[in-house]
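Chemist: Just dropping this structure here.
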Amino acid sequence: MAWEQEFLNFNSGEGKEEDIEFGAGMNSKHNGDAMPSIVGMSYYAGELRITADEKVKTIDGIIGEEAAAKEASKVKKGLGIISNSVANVGETPITAAAIAAVKFAVTYNISLSDVKDVVISTESPNDGSKNNGVSVVNAVNMISRVLKDNAGIDVGNLSRIESLFHNQSACVGGVAWISYLAKNKTCSTTLLITTDDAKYKLGSVADETGGFGATATLIKSDTSGLILLPYTGRSQSDVVDFFKPISVPDDETTGMASISKYPIVFGQYSLFVYMGQTYKAGREALRKENESFDSTKFFDDYVIILHVPYPGLVRKTIGNFVTHFMRIDGSLKERILSEINSNPKATEKYVDIPRLEGFDSQEKEFGLIEEVGDVVLRLEAEKELVLRGDVHKEDEISKNSREIAEIKQNRLLEIMGKYGIKEGRLASAFNKTIDNLETMKLKGGTLDQLIDAFSPLYTNQDMRKKKGHLNEFEDVISNFNSAVRSTKTYKELYTKLGTEYSLTVPSSIANIYTGSSFLALASYVANADEEMLRRKKILFMGYGSGAESFSTVIQPKDALRMRDILRNADLFEKESVTYIDANQYNSIRKKELDSLRIKEPMLKEVGRELKINEPRLVEYFVKLKRHMVNSSETHPKQKVQT
């Protein structure tokens, strides 16, 4: 379809933004003052949860109650995660998406038959030859038939949709769609479903953040709800921050290749990439609205809703934004520095904001960190693959690493020229690294030698052996961020901003990849007070693991009914949860079914087939419908205007 190609061009950066228009296939319709608007949201995160206290017991190396308690405290205070949603055996992104869509219809008492376009966004692969979007639509219609036949609940179906679009990218598929609709200022009745199972290697620290779930968002041309304004931003960098290597054997006659099952994450480096990209995307959206991201007035007028891998990262990012404002607002800087230095618990005094030598902006500092980190991290990722057994032939990896290093040597010189690095400690670190590579005679170097050669310049937090200048700066600015967030002024600004409301739901579900930003938006609408929801615009931002961020400005208008529905649905979600322990979690991940002793899921995938547990499914939705009627005023069934 023409509109599908337009969207793909939009996301690949082809063409000018002002040239992008909806194709006829999108059923474009503009009703007077109506704009694309989110008129309803819902989410489903399965029925299983595991608390942080239990989940840390599954991490390799956690031995004894004292060690587990210490790790759990770190997860709850540092990451901000209280519990994680867990996919039961047989539950997949497809089953979660289908239940989320039907839950949306029951929650808002609408008919899915009025939906014209369906967008399915996920980062979790199912079957490379299978269209996940078709699978979700089929599952929704299966559930619809069961509910109508067994409970008299008629949610309609998706059999009359005019377009179905499925894409598999964390950021592009979610907030980018919102940005796309906002740019065009009109849309058909679109159901946007995001769905993922964020699994990491069992027993790894990264698995502390993994969650499972789906969101369903209805967007149509309207004069109320969460109105999508045509002010959008985008930023991306060609760097690695989330690594899933593909291994191709020397014998390529079969055409087969293998991809790492679980991603490799890069800790503090990814934090800096995330902060830099979201800042630039947000600034671009505000620039188009003739608003400034350079004044604390921003905190009076806006709420920031971010992609939430874990709440702690969002809080650190807001701290970074405040540091940015401090560079511009001298009185704010003076006030916060005074509060830091007068704190009796402060471990360090500051006469100014820490800066990277010779740099005048955070954007340049973060840009340098991104680009230099990219030089090194691919090498370290390959070594980790060897260490954890995903790749068995270290000699092949070493050969590939040497080839990468030869390319990266020239890349370091390019970075030096781009950022004007000519003298001082930073230049010395660059030159030393390049000298090491040249002296070592690359083709004879081992993988360890190559990594060691880069270490003086930049080393992954998990493999830190030496400290280079960028390492020092990362630590200093991170410590400063923490100090800023401890001050009274920062806490007042953060409270005024309202972002904390967006972290309430994610803190109990954790990371759901593609749906993370939408879960945060639903959380904000459900938890914000009436005055804030009426007054503040929303700077809505997504982030993708390809170092890409999208942003859109949203104007809430008459959104209180949506708030009440989300609050009541959230209460039901909490009442429907079953908590599991560490042993049950391990059994689920290893699929040791005999030891589970937990209830079967309502909908599960068995091979390529979907199996519905009809009694449990009907019971769930009957209870949901009764809950929504009893806990709020009864709303007449609404027809979605198209």
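Each chain of the structure tokens is named A, B, ... in the order shown, its residues numbered from 1; ligands are numbered from 1 in display order.
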Show which residues sit within 6 Å of segment 330-342 of chain A, as an MDAnalysis selection string. Count only C-alpha atoms, and ignore same-chain residues fewer than 4 positions away.
Modeler: chainID A and resid 326 349 487
Chemist: List as a ChimeraX atom specification the protein and nucleic acid residues near segment 133-141 of chain A, meaning an atom at most 9 Å away when only C-alpha atoms are counted, but skip any in the same chain fewer than 2 places from it.
Modeler: /A:93-99,101-102,118-121,130-131,143-146,156-159,164-167,603,610
Chemist: Find the spatial neighbours of segment 365-367 of chain A, counting only C-alpha atoms, within a cut-off of 10 Å - ignore same-chain residues fewer than 2 positions away - and output them as a list in words.
Modeler: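 After dropping sequence-adjacent residues, the list is Ser237, Tyr269, Phe272, Val273, Tyr274, Met275, Gly276, Gln277, Arg355, Leu356, Glu357, Gly358, Phe359, Asp360, Ser361, Gln362, Glu363, Ile369, Glu370, Glu371, Val372, Gly373, Ile415, Tyr419, Leu470, Phe473 and Glu474 of chain A.
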Chemist: Nearest residue to Phe243 of chain A out of A:Gly546, A:Gly61, A:Pro311, A:Gly498, using only C-alpha atoms?
Modeler: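 Looking only at the distances to Phe243 of chain A, the closest residue turns out to be A:Gly546.
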